[in-house]
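Structure first, commentary second.
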Amino acid sequence: MSAMQPLAWEIPGGIHPPERKHLSNRTSIQLAPLPKRLVLPLNQHIGAPAEPLVSLGQRVLKGQLIATANGFVSVPLHAPTSGTISFIGPQPYPHVSGMLAQAIVIDSDGLDQWCALTPRPDYRHLENNSLLAIIRQAGISGMGGAGFPTAVKLNARPTQKIHTLVINGTECEPYITADDLLMRERTEQLISGIDILAQLIQPDQVLIGVEDNKPEAIAALRSALHDRSYQLRVFPTKYPSGGEKQLIQILTGVEVPSGGLPADIGILCQNVGTCKAIHDAVVLGKPLISRITTLTGEALARPMNVEVLLGTPVGELLEFAGLDRSKLNRLIMGGPMMGFTLPDFDVPLIKTTNCLLAATSAELPPPPPAMPCIRCGECAEVCPASLLPQQLHFFAIGQEHEQLKAHNLFDCIECGACAYVCPSSIPLVQYYRAAKGEIRDLEQKQLKAEQSKQRFELRQERLRRAEEQKEIERKARAEKAARVKAAQAEAPASTDAGAPAGVGDELKKLKIEASMAQVAQKKAEKQLATHATPELQAQVDQLRSAATAAQQALGAAMVHSPPVAAATAPALDDGVLKKAKIDAAMLRAQLRKLEKLETPDDDQQAELARLRQQLEEAEKVLTSLQSQATPPATQPADDGALKKAKIDAAMLRAQLRKLEKLETPDDDQQAELARLRQQLEEAEKVLTSLQSQAAPPATPPVDDSALKKAKIELAMQRAALKKAEKAGSDDAELGRLRDALSQAEQALHTAEATTSTPAPTLVRTDKQPIDDATRALKTEVAFARADLRKLERDPSSATDALATARQRLAQAEQQLQQHAGSPTP
């Protein structure tokens, strides 16, 4: 730095509140007593809370890892002392709301036994990645108040050069002296931590900033820096010169841009407490499990600075400092300017706790009631960020979020200087904090909405491309089919002189168009039900009109299409009939596969509609080809065809009964029911026709179908009644089923009386009589076997229960065998 440049620059605004540092800086750092119980919240830092690694009842050692970092912006947590994990769950947390937070509770065993440590005093040969890993695993976060993970802050962007390292020893709050005592008594560890940071960052200069109200700390630093090139900058006391951006401006004269970070201008800032923690982690191998905290206020008999374990209850620390509860008016964590009031004494001390202020009512009197703003402008004069606090106040009251962002609300460091000088006693910082929270919530909701919109648009684009691909494939198939038909039409044997050319092709084209129009209409209607917009409504209306027009054109073409005369019909080819059957079977298989899907999407619904349309056309073609076969009167009945017809009819009945059991079938299931009933009716007609051809006409076969049907109906009604009785149905349902069973029995008797089949001869066979004891033993064996199988099928069954069930079955079987071997009485 040239001689013309000042050692310190001025910052805008700032105030000089009365200093009360003398209360706690007169004695050296004390060691706090070991507490019996430590409460360690998992979110003592900015970012994601740590993830527990321990379980209840587990014994841990001092310094042992008990929670790991849960993400990039997160830090792990270590046991401050040896003891037993007694609880993992919600515990009091140091917050103005009195909220609970997830925490790990350790009951101390009083031994304070360390785990194995890995000190690295020769750290200078380590790579940067290794040093960063050590700092990250030690659980170090910023100890000046914000709590940002230190390893993340040190891991600057590779394309950016950090030319200046700033060490913050300002401590501008009126009461806090923790950093002051640390710089006095732990100077060597502080300088060692700065050396480690300098090795990591390789800055061009290292600047240590200290206010001139700490003469002992300044002298200690000057003595320790005699052989180093680090620059100690001492500047006049002013609040809030300890803010990161304000300190950078004081030491370098460079202002961090609005909305930016110090790294954007090549500067990195670290607190002196963080530097000392880095020394402990690298040189000594100790994780961050304690910190130096100021205990001050006129309600304490012995204000002091203590080195205290993290997780120590606040109440125990205050008792150690001689708290007089009768004098206590407010208990503040932090300083009077930026601290917050604690709801009770049960909250624990965490990594960012630098001060506990037990103030009396005379020391920090309650503020008077807020009055309307008089626009005096004093708040703007003292703002260190050169903002307009009164305008921000009005915008926050009116929830004018865009105006708040335009007036750089997020540049506010919430130092409280504006509220301190406000003659109307308006709590300005509270308004700013609430407005920041509302803006963050709205931005998060907008981000989620934008992500949902992008997902929807990408899906629509994907569906559009899929539809275009299907249309291309459909046209290719249509062109291929047209070429095949044209080739067949040129052959002399396949020429049909009785029908005009092109009529069949035109009819098929109209059918396909009508089917595609219906599919597009259904798809658009589903989209309209999900996202009702005027554009989609107009599209649905247009598609409905197109579908109606396509159906009308198809109907008109079918009415005017000339029928093909039977006399001029070409001879049926067995290969054509076989191909038609295969096509219909393949379409049925594809349709059943898609129908098994529980929640089909839009593409699958469209494919279902297309397959149903194609199957209907294929069945019509198959029926037409079968009608062109040899007349039934002269065609002998085939046993294989008769058997196949029976199987087809039985399968259709089974599918129909399965669907009829549904209580509330949807539209697709209703349509499937109608289709199955139609197919069953046609199958029964075919079956009846084949059965009539099985015997000579002179001796028509006896029709026993009514008798078989009555027997099947009786069996089904009997099974339904038994099922209802086992399920414990109500009396009304059981009565209905019994009436149906009686009607089925009566129908069977009627069928037996009208059929020519002789009644079966009833042959009764006397079984060997069984005594009551044998019957009871067999019943016991059956129940024991059933209970054992039930337990074996349940994977959560206890081993003792399985062993008892097996023993019960073995005893029952043994008793039955013994009874069977004994002579009959």
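FYI, nothing fancy with the structure tokens labels: chains A, B, ... in order, residues from 1 per chain, ligands from 1 as they appear.
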Using only C-alpha atoms, determine which residues lie at most 8 Å from segment 35-37 of chain A, disregarding the query and same-chain residues fewer than 2 positions distant; provide the list as a ChimeraX atom specification. /A:33,39,105-110,312-313,316
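Proximity of A:Asp666, A:Glu307, A:Glu298, A:Glu780 to Tyr175 of chain A, computed with only C-alpha atoms, is greatest for A:Glu298.
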How would you write, as a PyMOL selection string, the set of residues in segment 191-226 of chain A that DSSP gives as alpha helix (DSSP H)? chain A and resi 191-201+215-224
Using only C-alpha atoms, which of the listed residues (A:Asn271, A:Asn43, A:Thr779, A:Ser24) sits closest to Thr177 of chain A? A:Ser24
Atom pair atom CA of Leu594 of chain A + atom CA of Ala683 of chain A, distance 23.8 Å
Write out as an MDAnalysis selection string which residues come within 6 Å of segment 363-379 of chain A when counting only C-alpha atoms, dropping same-chain ones fewer than 2 positions away. chainID A and resid 359:361 381:382 418 424:426
What lies within 12 Å of Gly735 of chain A using only C-alpha atoms, ignoring chain neighbours under 5 positions off, as a short mmCIF file (atom, residue, chain, number, x, y, z; two decimals) with N, CA and C atoms, in the first residue's frame?
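In the end it all went to around.cif:
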data_model
loop_
_atom_site.label_atom_id
_atom_site.label_comp_id
_atom_site.auth_asym_id
_atom_site.auth_seq_id
_atom_site.Cartn_x
_atom_site.Cartn_y
_atom_site.Cartn_z
N LEU A 721 -73.63 -67.99 -1.37
CA LEU A 721 -74.20 -68.01 -0.02
C LEU A 721 -73.15 -68.40 1.01
N ALA A 724 -70.79 -65.48 1.62
CA ALA A 724 -71.41 -64.42 2.43
C ALA A 724 -71.50 -64.83 3.89
N GLU A 725 -71.78 -66.12 4.15
CA GLU A 725 -71.85 -66.58 5.53
C GLU A 725 -70.49 -66.50 6.22
N SER A 729 -71.92 -61.47 6.51
CA SER A 729 -72.83 -60.48 5.93
C SER A 729 -74.08 -60.33 6.79
N ASP A 730 -74.81 -59.22 6.56
CA ASP A 730 -76.01 -58.97 7.36
C ASP A 730 -77.15 -59.91 6.94
N ALA A 740 -82.37 -66.59 -3.67
CA ALA A 740 -81.82 -66.90 -4.99
C ALA A 740 -81.45 -68.37 -5.10
N LEU A 741 -80.94 -68.97 -4.00
CA LEU A 741 -80.59 -70.40 -4.02
C LEU A 741 -81.85 -71.25 -4.18
N SER A 742 -82.93 -70.89 -3.49
CA SER A 742 -84.18 -71.65 -3.63
C SER A 742 -84.71 -71.58 -5.06
#
As an MDAnalysis selection string, which residues of segment 180-337 of chain A does DSSP assign to strand (DSSP E or B)? chainID A and resid 205:211 231:235 239 267:271 290:296 300 304:309 313 323 330:333
Would you kindly return, as number ranges by chain, each protein, DNA or RNA residue with an atom no farther than 10 Å from any atom of Ala116 of chain A, considering only C-alpha atoms and excluding same-chain residues fewer than 6 positions away? A: 61-64, 285-286
Between atom CA of Glu438 of chain A and atom CA of Glu400 of chain A lies a distance of 10.7 Å
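Proximity to Thr548 of chain A at 9 Å, evaluated using only C-alpha atoms and with sequence-adjacent residues fewer than 6 positions away removed, yields A:Ala514, A:Ala517, A:Gln518.
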Suppose we keep all heavy atoms; can you now write the selection as a PDB file, in the first residue's frame?
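Written out: out36.pdb:
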ATOM      1  N   ALA A 514     -62.748 -41.213 -38.326  1.00  0.00           N
ATOM      2  CA  ALA A 514     -63.724 -41.060 -37.248  1.00  0.00           C
ATOM      3  C   ALA A 514     -63.156 -41.527 -35.913  1.00  0.00           C
ATOM      4  O   ALA A 514     -63.343 -40.901 -34.867  1.00  0.00           O
ATOM      5  CB  ALA A 514     -64.999 -41.844 -37.589  1.00  0.00           C
ATOM      6  N   ALA A 517     -60.613 -38.997 -34.606  1.00  0.00           N
ATOM      7  CA  ALA A 517     -61.295 -37.793 -34.125  1.00  0.00           C
ATOM      8  C   ALA A 517     -61.861 -38.020 -32.720  1.00  0.00           C
ATOM      9  O   ALA A 517     -61.792 -37.144 -31.855  1.00  0.00           O
ATOM     10  CB  ALA A 517     -62.404 -37.386 -35.091  1.00  0.00           C
ATOM     11  N   GLN A 518     -62.431 -39.227 -32.481  1.00  0.00           N
ATOM     12  CA  GLN A 518     -62.956 -39.526 -31.151  1.00  0.00           C
ATOM     13  C   GLN A 518     -61.841 -39.559 -30.106  1.00  0.00           C
ATOM     14  O   GLN A 518     -61.986 -39.054 -28.989  1.00  0.00           O
ATOM     15  CB  GLN A 518     -63.691 -40.868 -31.174  1.00  0.00           C
ATOM     16  CG  GLN A 518     -65.017 -40.826 -31.921  1.00  0.00           C
ATOM     17  CD  GLN A 518     -65.707 -42.175 -31.939  1.00  0.00           C
ATOM     18  OE1 GLN A 518     -65.139 -43.163 -31.506  1.00  0.00           O
ATOM     19  NE2 GLN A 518     -66.921 -42.211 -32.475  1.00  0.00           N
TER      20      GLN A 518
END
